[in-house]
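Coordinates as given in data-v8.csv (CSV, C-alpha atoms):
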chain,number,residue,atom,x,y,z
A,609,MET,CA,135.9,104.1,56.1
A,610,ARG,CA,132.6,102.4,55.7
A,611,LEU,CA,133.0,100.8,59.1
A,612,LEU,CA,133.7,104.2,60.6
A,613,TRP,CA,130.6,105.7,58.9
A,614,THR,CA,128.5,102.8,60.2
A,615,ALA,CA,129.8,103.3,63.7
A,616,LEU,CA,129.0,107.0,63.6
A,617,MET,CA,125.5,106.3,62.3
A,618,LEU,CA,124.9,103.9,65.2
A,619,LEU,CA,126.3,106.1,67.9
A,620,PRO,CA,123.1,108.2,68.5
A,621,LEU,CA,121.2,105.0,68.9
A,622,THR,CA,123.7,103.7,71.5
A,623,VAL,CA,123.6,107.0,73.4
A,624,ILE,CA,119.8,107.0,73.4
A,625,ALA,CA,119.7,103.4,74.7
A,626,GLN,CA,121.8,104.4,77.6
A,627,GLU,CA,119.4,107.2,78.8
A,628,VAL,CA,116.5,106.8,81.2
A,629,THR,CA,113.2,107.0,79.4
A,630,LEU,CA,110.0,108.3,80.9
A,631,LEU,CA,106.8,107.2,79.3
A,632,LYS,CA,103.5,109.0,79.7
A,633,GLN,CA,101.3,108.0,82.7
A,634,LYS,CA,98.0,106.3,81.9
A,635,ALA,CA,94.8,105.6,83.8
A,636,PHE,CA,92.5,102.7,83.2
A,637,PRO,CA,89.2,103.6,84.8
A,638,LYS,CA,87.1,100.9,83.0
A,639,THR,CA,89.2,98.1,84.3
A,640,VAL,CA,90.7,99.4,87.6
A,641,SER,CA,88.4,100.6,90.4
A,642,ALA,CA,89.1,103.8,92.4
A,643,GLY,CA,91.6,103.0,95.1
A,644,ASN,CA,94.5,104.0,97.4
A,645,TYR,CA,97.2,102.0,95.6
A,646,SER,CA,100.4,102.3,97.6
A,647,GLY,CA,102.7,99.5,96.6
A,648,ILE,CA,103.3,97.1,93.7
A,649,THR,CA,105.4,94.0,93.0
A,650,TRP,CA,105.9,91.8,89.9
A,651,LEU,CA,104.9,88.2,90.2
A,652,GLY,CA,106.1,87.2,86.7
A,653,ALA,CA,104.6,87.4,83.2
A,654,SER,CA,101.9,90.0,83.3
A,655,ARG,CA,100.8,89.3,86.9
A,656,TYR,CA,101.3,91.9,89.7
A,657,ALA,CA,100.3,92.2,93.3
A,658,ILE,CA,99.3,95.7,94.6
A,659,ALA,CA,98.8,97.1,98.1
A,660,ASN,CA,96.0,99.4,98.9
A,661,ASP,CA,96.4,101.4,102.2
A,662,LYS,CA,92.7,101.8,102.7
A,663,SER,CA,91.4,98.4,101.4
A,664,PRO,CA,88.3,97.1,103.2
A,665,THR,CA,90.4,94.5,105.1
A,666,ALA,CA,94.1,93.5,105.2
A,667,GLY,CA,95.4,91.9,102.0
A,668,PHE,CA,96.3,92.8,98.4
A,669,TYR,CA,95.0,93.0,94.9
A,670,LEU,CA,96.0,90.9,91.9
A,671,MET,CA,96.2,92.8,88.7
A,672,THR,CA,97.2,92.1,85.1
A,673,ILE,CA,99.5,94.7,83.5
A,674,GLU,CA,100.4,94.3,79.9
A,675,THR,CA,103.4,96.3,78.5
A,676,ASP,CA,104.9,96.5,75.1
A,677,SER,CA,108.1,94.5,75.0
A,678,ILE,CA,109.8,96.9,72.5
A,679,THR,CA,108.7,100.4,73.7
A,680,GLY,CA,107.8,99.6,77.4
A,681,GLU,CA,104.5,101.4,76.9
A,682,LEU,CA,101.5,100.4,79.1
A,683,LEU,CA,99.0,98.6,77.1
A,684,THR,CA,96.4,97.4,79.6
A,685,VAL,CA,95.9,97.3,83.4
A,686,ARG,CA,93.1,95.1,84.7
A,687,GLU,CA,92.1,94.6,88.3
A,688,ASP,CA,91.5,90.8,88.8
A,689,THR,CA,90.7,90.1,92.4
A,690,PHE,CA,91.2,91.2,96.0
A,691,LEU,CA,92.8,88.6,98.4
A,692,THR,CA,92.4,89.2,102.1
A,693,SER,CA,93.1,87.6,105.5
A,694,GLY,CA,89.9,89.2,106.7
A,695,LEU,CA,91.7,91.1,109.4
A,696,PRO,CA,91.6,94.9,109.7
A,697,ASN,CA,93.6,97.0,107.3
A,698,ARG,CA,97.0,98.0,108.7
A,699,ASP,CA,97.5,101.0,106.5
A,700,GLU,CA,99.3,98.6,104.2
A,701,GLU,CA,101.8,100.5,102.0
A,702,GLY,CA,104.6,98.4,100.6
A,703,ILE,CA,104.6,95.0,99.0
A,704,CYS,CA,107.2,92.6,97.6
A,705,TYR,CA,107.3,89.1,96.1
A,706,MET,CA,109.7,86.3,97.2
A,707,PRO,CA,109.8,83.8,94.3
A,708,GLU,CA,111.4,80.9,96.2
A,709,SER,CA,108.5,80.8,98.7
A,710,GLN,CA,105.9,82.1,96.3
A,711,THR,CA,104.7,84.5,98.9
A,712,VAL,CA,104.4,88.3,99.3
A,713,PHE,CA,105.4,90.5,102.2
A,714,VAL,CA,103.3,93.5,103.0
A,715,SER,CA,104.4,96.5,105.2
A,716,GLY,CA,101.9,98.2,107.5
A,717,GLU,CA,102.5,101.8,108.4
A,718,ALA,CA,100.1,101.6,111.4
A,719,ASP,CA,101.9,98.8,113.2
A,720,GLN,CA,105.4,99.0,111.6
A,721,GLU,CA,105.3,95.3,110.8
A,722,ILE,CA,106.2,93.5,107.5
A,723,ILE,CA,104.2,90.2,107.3
A,724,GLU,CA,104.0,87.4,104.9
A,725,TYR,CA,101.0,86.2,102.9
A,726,ASN,CA,100.6,83.3,100.5
A,727,LEU,CA,99.2,84.0,97.1
A,728,GLN,CA,95.7,83.0,98.3
A,729,GLY,CA,95.8,86.0,100.6
A,730,GLN,CA,96.2,84.1,103.9
A,731,LEU,CA,98.8,84.9,106.5
A,732,THR,CA,101.7,82.4,106.8
A,733,GLY,CA,102.6,83.4,110.4
A,734,ARG,CA,106.0,84.7,109.3
A,735,LYS,CA,107.3,88.3,109.4
A,736,LEU,CA,110.5,90.2,109.1
A,737,ASN,CA,112.3,90.8,112.4
A,738,ILE,CA,112.1,94.5,112.6
A,739,PRO,CA,114.7,96.4,114.7
A,740,GLU,CA,113.1,98.3,117.6
A,741,ILE,CA,114.3,101.6,116.4
A,742,PHE,CA,111.7,101.6,113.6
A,743,LYS,CA,108.9,101.7,116.2
A,744,THR,CA,109.8,105.4,116.7
A,745,ALA,CA,108.4,106.4,113.3
A,746,TYR,CA,106.3,109.5,113.0
A,747,LYS,CA,102.6,108.9,112.4
A,748,ASN,CA,102.0,108.2,108.7
A,749,GLY,CA,105.8,108.4,108.2
A,750,GLY,CA,106.8,104.7,108.7
A,751,PHE,CA,107.2,101.8,106.2
A,752,GLU,CA,106.1,103.0,102.8
A,753,ALA,CA,108.8,101.3,100.8
A,754,LEU,CA,109.6,97.6,100.4
A,755,THR,CA,111.4,95.5,97.9
A,756,TYR,CA,113.0,92.1,97.6
A,757,GLN,CA,115.8,90.9,95.2
A,758,PRO,CA,116.1,87.2,94.7
A,759,LYS,CA,119.6,87.4,93.2
A,760,THR,CA,121.1,89.2,96.1
A,761,HIS,CA,118.8,87.5,98.6
A,762,ARG,CA,117.9,90.7,100.3
A,763,PHE,CA,114.8,92.5,101.4
A,764,TRP,CA,115.1,96.3,101.7
A,765,THR,CA,112.9,98.8,103.5
A,766,THR,CA,113.1,102.3,105.1
A,767,SER,CA,110.7,104.7,106.7
A,768,GLU,CA,109.1,107.5,104.7
A,769,PHE,CA,110.4,110.2,107.1
A,770,THR,CA,113.3,110.5,109.6
A,771,LEU,CA,112.5,108.4,112.7
A,772,LYS,CA,111.8,110.3,115.9
A,773,ALA,CA,114.9,108.8,117.4
A,774,ASP,CA,117.0,110.3,114.7
A,775,GLY,CA,115.6,113.8,114.6
A,776,GLU,CA,113.0,116.0,113.1
A,777,LYS,CA,111.3,115.5,109.7
A,778,PRO,CA,111.3,118.2,107.0
A,779,THR,CA,108.5,120.6,106.6
A,780,ILE,CA,107.9,123.6,104.3
A,781,GLU,CA,109.4,125.8,107.1
A,782,ARG,CA,112.0,123.3,108.3
A,783,LYS,CA,114.2,122.9,105.2
A,784,ILE,CA,116.2,119.9,106.3
A,785,LYS,CA,116.8,116.5,104.8
A,786,ASN,CA,115.3,113.2,105.9
A,787,ARG,CA,118.0,111.0,107.5
A,788,LEU,CA,116.7,107.5,106.8
A,789,ARG,CA,117.9,104.0,107.8
A,790,LEU,CA,117.9,101.8,104.8
A,791,GLN,CA,117.6,98.4,106.3
A,792,SER,CA,118.1,95.0,104.7
A,793,PHE,CA,116.9,91.5,105.7
A,794,GLY,CA,118.1,88.1,104.6
A,795,ASP,CA,116.1,85.1,103.4
A,796,ASP,CA,116.0,84.1,107.0
A,797,LEU,CA,113.9,87.2,107.7
A,798,GLN,CA,116.6,88.6,110.1
A,799,PRO,CA,118.0,92.1,109.9
A,800,LYS,CA,121.3,92.4,108.0
A,801,GLU,CA,123.1,95.5,106.8
A,802,GLN,CA,121.9,99.0,107.6
A,803,TYR,CA,122.9,102.2,105.8
A,804,TRP,CA,122.0,105.9,106.1
A,805,TYR,CA,120.1,107.5,103.2
A,806,GLU,CA,119.6,111.3,103.0
A,807,SER,CA,116.7,112.6,101.0
A,808,ASP,CA,116.7,116.0,99.4
A,809,SER,CA,115.2,118.9,101.4
A,810,THR,CA,112.1,120.7,100.1
A,811,ILE,CA,112.3,122.4,96.8
A,812,ILE,CA,109.7,125.0,97.9
A,813,LYS,CA,111.1,128.5,98.3
A,814,LYS,CA,108.1,130.2,99.8
A,815,GLN,CA,106.6,129.4,103.3
A,816,LYS,CA,102.9,129.2,102.5
A,817,GLY,CA,101.1,125.9,102.1
A,818,ARG,CA,102.0,122.4,103.1
A,819,SER,CA,104.8,120.2,101.8
A,820,ILE,CA,105.5,116.5,102.3
A,821,VAL,CA,109.0,115.2,101.5
A,822,GLY,CA,110.0,111.5,101.8
A,823,VAL,CA,110.8,108.2,100.3
A,824,SER,CA,107.8,106.2,99.2
A,825,GLY,CA,109.3,103.4,97.2
A,826,LEU,CA,112.3,101.1,96.6
A,827,ALA,CA,113.1,98.8,93.7
A,828,ALA,CA,116.1,96.5,94.1
A,829,LEU,CA,118.0,95.7,90.9
A,830,ASP,CA,119.7,92.3,90.3
A,831,ASP,CA,123.2,93.8,90.3
A,832,GLY,CA,122.9,95.0,93.9
A,833,ARG,CA,121.8,98.6,93.2
A,834,ILE,CA,118.6,100.1,94.5
A,835,VAL,CA,116.3,102.6,92.9
A,836,VAL,CA,114.9,105.0,95.5
A,837,LEU,CA,111.7,106.9,94.8
A,838,GLU,CA,111.8,110.3,96.5
A,839,ARG,CA,108.7,112.5,96.2
A,840,GLU,CA,107.6,115.8,97.4
A,841,MET,CA,104.0,116.9,97.4
A,842,TYR,CA,103.1,120.6,97.7
A,843,PHE,CA,99.6,121.8,98.6
A,844,PRO,CA,98.9,125.6,98.6
A,845,LYS,CA,96.0,126.8,100.6
A,846,LYS,CA,93.3,126.6,97.9
A,847,GLN,CA,94.8,123.5,96.3
A,848,ILE,CA,95.1,125.0,92.8
A,849,GLY,CA,98.8,124.8,92.0
A,850,SER,CA,99.4,121.6,93.9
A,851,PHE,CA,102.1,119.3,92.5
A,852,ALA,CA,103.9,116.1,93.2
A,853,HIS,CA,107.6,116.1,92.2
A,854,VAL,CA,109.2,112.7,91.8
A,855,LYS,CA,113.0,112.0,91.8
A,856,LEU,CA,114.4,108.6,91.1
A,857,TYR,CA,117.8,108.0,92.6
A,858,VAL,CA,120.1,105.0,92.4
A,859,VAL,CA,122.3,103.8,95.3
A,860,ASN,CA,124.8,101.0,95.5
A,861,PRO,CA,125.2,99.6,99.0
A,862,THR,CA,127.9,97.2,97.9
A,863,LEU,CA,130.2,100.2,97.5
A,864,HIS,CA,129.7,101.2,101.1
A,865,LYS,CA,130.3,99.8,104.6
A,866,PRO,CA,127.2,99.3,106.8
A,867,GLY,CA,126.6,102.5,108.8
A,868,GLU,CA,127.9,104.8,106.1
A,869,ILE,CA,125.8,107.4,104.3
A,870,LEU,CA,125.0,106.1,100.8
A,871,SER,CA,126.0,108.3,97.8
A,872,LYS,CA,123.2,108.6,95.3
A,873,THR,CA,122.9,109.4,91.6
A,874,LEU,CA,119.9,111.1,90.1
A,875,LEU,CA,118.4,108.9,87.3
A,876,THR,CA,115.5,111.2,86.4
A,877,GLU,CA,112.8,113.4,87.7
A,878,PHE,CA,109.3,114.6,86.7
A,879,ARG,CA,106.4,116.6,88.1
A,880,THR,CA,102.6,116.1,88.0
A,881,LYS,CA,100.2,118.9,89.0
A,882,VAL,CA,96.7,120.3,89.4
A,883,ASN,CA,96.0,123.8,88.0
A,884,LEU,CA,93.3,125.5,85.9
A,885,THR,CA,94.2,123.6,82.8
A,886,ARG,CA,95.9,120.3,84.0
A,887,ARG,CA,94.9,117.5,86.2
A,888,SER,CA,97.9,115.2,86.0
A,889,PHE,CA,98.6,115.2,89.7
A,890,ALA,CA,99.8,111.7,90.8
A,891,ASN,CA,101.2,110.8,94.2
A,892,TYR,CA,103.5,107.9,93.2
A,893,GLU,CA,103.9,105.6,96.2
A,894,GLY,CA,104.6,102.3,94.6
A,895,ILE,CA,107.5,101.2,92.3
A,896,CYS,CA,108.8,97.8,91.2
A,897,ILE,CA,110.9,96.1,88.7
A,898,GLY,CA,109.0,94.7,85.7
A,899,PRO,CA,110.1,92.6,82.8
A,900,LYS,CA,113.2,93.5,80.7
A,901,LEU,CA,112.5,94.8,77.2
A,902,ALA,CA,113.6,93.0,74.0
A,903,ASP,CA,116.8,95.0,73.9
A,904,GLY,CA,117.8,94.2,77.5
A,905,ARG,CA,116.7,97.5,79.1
A,906,GLN,CA,114.9,97.3,82.5
A,907,LEU,CA,111.3,98.3,82.9
A,908,LEU,CA,110.1,99.9,86.1
A,909,ILE,CA,106.3,100.2,86.9
A,910,LEU,CA,105.0,103.0,89.1
A,911,VAL,CA,101.5,103.3,90.7
A,912,CYS,CA,100.0,106.2,92.4
A,913,ASP,CA,97.6,106.7,95.4
A,914,SER,CA,94.7,108.8,94.1
A,915,GLN,CA,92.9,108.8,97.6
A,916,ASN,CA,90.0,107.0,96.0
A,917,GLN,CA,90.0,109.4,93.1
A,918,TYR,CA,89.8,112.4,95.5
A,919,ARG,CA,86.7,114.6,94.7
A,920,GLY,CA,86.6,113.2,91.2
A,921,VAL,CA,89.7,115.2,90.3
A,922,LEU,CA,92.5,112.6,90.8
A,923,LYS,CA,93.0,109.4,88.8
A,924,ASP,CA,94.6,106.1,89.5
A,925,TRP,CA,97.7,106.7,87.3
A,926,PHE,CA,100.2,104.0,86.3
A,927,LYS,CA,103.6,104.9,84.7
A,928,THR,CA,106.5,103.1,83.2
A,929,VAL,CA,110.2,104.1,83.3
A,930,ILE,CA,112.9,102.4,81.3
A,931,LEU,CA,116.5,102.0,82.7
A,932,PRO,CA,119.5,101.5,80.4
A,933,ALA,CA,120.8,98.0,79.8
A,934,SER,CA,123.5,97.2,82.4
Show this structure as structure tokens.
Amino acid sequence: MRLLWTALMLLPLTVIAQEVTLLKQKAFPKTVSAGNYSGITWLGASRYAIANDKSPTAGFYLMTIETDSITGELLTVREDTFLTSGLPNRDEEGICYMPESQTVFVSGEADQEIIEYNLQGQLTGRKLNIPEIFKTAYKNGGFEALTYQPKTHRFWTTSEFTLKADGEKPTIERKIKNRLRLQSFGDDLQPKEQYWYESDSTIIKKQKGRSIVGVSGLAALDDGRIVVLEREMYFPKKQIGSFAHVKLYVVNPTLHKPGEILSKTLLTEFRTKVNLTRRSFANYEGICIGPKLADGRQLLILVCDSQNQYRGVLKDWFKTVILPAS
């Protein structure tokens, strides 16, 4: 009887531990300068590399991000240095770390290339061998998302919107889904499996204003699953009432054959906005796997693009999300 009572008492804790936990977004204006942060990757310990799509020259930032090992809460974020090749910025959006080579790969939306840097910010001369079809990306609708998983030995990327070769992209009037090619690459930097991923269509019912729907981030888990960051931004004519709605889905390519449409499961969703009383709007473009918490749950780190703290209204928000222990 006592064992049964103990089990019943522990049941709520078990259920809670299996839920996705959203923690409050935080900004660190004293230690992080205004930017256009578009991608993030974990280098180990409290070190992260972050892409900025409007940095002065091509490269990436190194930042220190401290999180609570029990709660997953953000404690501090500090910008340390900017590392650059000195070449012009390529509208650099996604970034991922390859531990074996101790290098990072950065995707450019302007040239649709994914190139390698060492941790001193210099180009190595290597890049992923991108299939030609990705050259048909719409302007500002190319490679936003990039991730690498050392346990599966796979890079993963996709375009933000449907490629021109595959059809039209969604708009507030055109309530269709993005049909995206989720492309993998091996450690040899050559293309491997490709799958179809369909985003949700716009959630906006009315026809006024402007809506942007697409995939802005990927985070590959060590069990082969991939977390997909879908986000929709809505801007009414006078901006008041603008919002960014984020949905985190998980897909498992290992359960599908290449060329199939991936089934997806919603993990969680949330909305940030600008109105007369709230200025929480955050266009989350970057997501990565961080450390695991003491109880084995997986921490995800998200970073937003504030458009250089647009008009003094937006902030450079960071956010953590906790996944259940697998």
- Task: Mind checking which residues fall within 12 Å of A:Tyr918, counting all atoms listed in the file, ignoring those fewer than 2 positions away in the same chain, and posting them as a list in words?
- Result: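 Once the adjacent positions are removed, what remains is Ala642, Gly643, Asn644, Arg887, Phe889, Ala890, Asn891, Asp913, Ser914, Gln915, Asn916, Gly920, Val921, Leu922, Lys923 and Asp924 of chain A.
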- Message: Quick one: residues within 8 Å of A:Phe763, all atoms listed in the file, excluding same-chain residues fewer than 2 positions away - as an MDAnalysis selection string?
- Response: chainID A and resid 754:757 761 765 792:795
- Counting all atoms listed in the file, the residue among A:Lys800, A:Arg782, A:Arg879, A:Arg789 that lies closest to A:Gln815 is A:Arg782
- Using all atoms listed in the file, which of the listed residues (A:Leu670, A:Leu771, A:Leu874, A:Leu631) sits closest to A:Asn748?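 Smallest distance to A:Asn748 is found for A:Leu771.
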- Task: Between A:Leu826, A:Asn786, A:Ile930, A:Gln798, single out the one closest to A:Thr810, counting all atoms listed in the file.
- Result: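 Distance minimum relative to A:Thr810 lands on A:Asn786.
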- Using all atoms listed in the file, which residue out of A:Asp808, A:Asp699, A:Glu717, A:Glu776 lies closest to A:Asn660? A:Asp699
- Message: Given only C-alpha atoms as the basis, pick out the residue of A:Phe690, A:Leu695, A:Tyr892, A:Thr679 nearest to A:Phe878.
- Response: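 That would be A:Tyr892, the residue with the smallest distance to A:Phe878.
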- Message: Tell me which residues come within 6 Å of (98.0, 96.0, 84.2), as a list in words, counting all atoms listed in the file in the file's coordinates.
- Response: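 Output of the proximity query reads Met671, Thr672, Ile673, Glu674, Thr684, Val685 and Arg686 of chain A.
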- Atomic distance atom CA of A:Gln728 - atom CA of A:Ser693, expressed in Å with one decimal: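 Pair atom CA of A:Gln728 / atom CA of A:Ser693 returns 8.9 Å.
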- Return the single residue from A:Lys865, A:Arg698, A:Lys638, A:Lys743 that is closest to A:Asp661, with distances computed using all atoms listed in the file.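 Of all the options, A:Arg698 lies closest to A:Asp661.
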- Task: For A:Tyr803, please output as a ChimeraX atom specification all residues within 10 Å (counting all atoms listed in the file; exclusion window: fewer than 5 positions along the same chain).
- Result: /A:766,788-792,861,864-870
- So how many Å separate atom CA of A:Thr711 and atom CA of A:Pro932, to one decimal?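 Result for atom CA of A:Thr711 versus atom CA of A:Pro932: 29.2 Å, one decimal.
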- For A:Ile738, please output as a list of chain:residue names all residues within 8 Å (counting all atoms listed in the file; exclusion window: fewer than 5 positions along the same chain).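 The residues satisfying every condition are A:Glu721, A:Ile722, A:Gln798, A:Pro799.
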- Coordinates-based distance that separates atom CA of A:Lys814 from atom CA of A:Glu893 (Å, one decimal):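 It comes out at 25.2 Å.
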